[in-house]
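Participant: This is the structure I want to talk about, given as structure tokens.
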Amino acid sequence: MNAIVGSPRIGQWYSRGDKGENFVVTAIDEQEGTIEIQSFDGDLDELDLSVWSALPLEFAEEPEDWTGPVEVEPDDLGYAETEMTPTDWSEPLQPLKAGKEAWEDTSPDDEGDPLGEGAPAEEPIGDNPTSSAKL
């Protein structure tokens, strides 16, 4: 029996301080005096009951990703299908907003013409040959 965690329990996860790995106890063979463990990455190992008491062990949480030690196909997980279809590629991710750029003047236009076309209202200059030309 280990002083910190006690006797091994099947299905319990432990953290091994000297190696920094987590494992779960999968079987205990009292007749042989062994404990079968499986690390998160799937490696199987066997420990003697006498070695168990000397190991620096602590209780550990069960990993959220339970698929680590198990060979599972993504289709077997029951997740929703994530493949993209041609329709997915043709639709926008989100509506685009036509905003002003940082370099654009965001102050209101007071110099615009009465029609709001953005050109200032000016009188033609008299000495301009194109303004006095008759068409």
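All residue names refer to the structure tokens as shown: chains lettered A, B, ... in order, residues numbered from 1 in each chain, ligands numbered from 1 in order.
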Skipping near chain neighbours, those fewer than 5 positions away, what residues fall within 10 Å of stretch 46-55 of chain A using only C-alpha atoms, listed as a ChimeraX atom specification?

Facilitator: /A:1-8,16-18,25-30,32-38

Participant: Give me, as a list in words, all polymer residues having an atom no more than 7 Å from A:Asn22, counting only C-alpha atoms and skipping those fewer than 3 positions away in the same chain.

Facilitator: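 Near A:Asn22, the qualifying residues are Trp13, Tyr14, Ser15, Arg16, Ser39 and Phe40 of chain A.
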
Participant: Would you export the selected residues with N, CA and C atoms as an mmCIF file, in the first residue's frame, please?

Facilitator:
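Output file result_34.cif is given in full below:
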```
data_model
loop_
_atom_site.group_PDB
_atom_site.id
_atom_site.type_symbol
_atom_site.label_atom_id
_atom_site.label_comp_id
_atom_site.auth_asym_id
_atom_site.auth_seq_id
_atom_site.Cartn_x
_atom_site.Cartn_y
_atom_site.Cartn_z
ATOM 1 N N TRP A 13 -7.057 7.107 -11.946
ATOM 2 C CA TRP A 13 -5.899 7.716 -12.584
ATOM 3 C C TRP A 13 -4.940 8.202 -11.517
ATOM 4 N N TYR A 14 -3.647 8.001 -11.791
ATOM 5 C CA TYR A 14 -2.582 8.411 -10.874
ATOM 6 C C TYR A 14 -1.542 9.206 -11.643
ATOM 7 N N SER A 15 -0.840 10.064 -10.923
ATOM 8 C CA SER A 15 0.267 10.813 -11.488
ATOM 9 C C SER A 15 1.549 10.332 -10.816
ATOM 10 N N ARG A 16 2.515 9.983 -11.638
ATOM 11 C CA ARG A 16 3.780 9.479 -11.120
ATOM 12 C C ARG A 16 4.777 10.635 -11.086
ATOM 13 N N SER A 39 -0.698 3.938 -19.627
ATOM 14 C CA SER A 39 -0.445 5.385 -19.661
ATOM 15 C C SER A 39 -1.390 6.033 -20.662
ATOM 16 N N PHE A 40 -1.450 7.345 -20.643
ATOM 17 C CA PHE A 40 -2.374 8.067 -21.509
ATOM 18 C C PHE A 40 -2.115 7.785 -22.983
#
```

Participant: Enter the distance from atom CA of A:Pro63 to atom CA of A:Gly42, in Å, rounded to one decimal.

Facilitator: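 Atom-to-atom, atom CA of A:Pro63 to atom CA of A:Gly42, that is 12.8 Å.
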
Participant: Could you state the separation of atom CA of A:Leu57 and atom CA of A:Gly11 in Å, given to one decimal place?

Facilitator: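 One can read the atom CA of A:Leu57 to atom CA of A:Gly11 distance as 15.1 Å.
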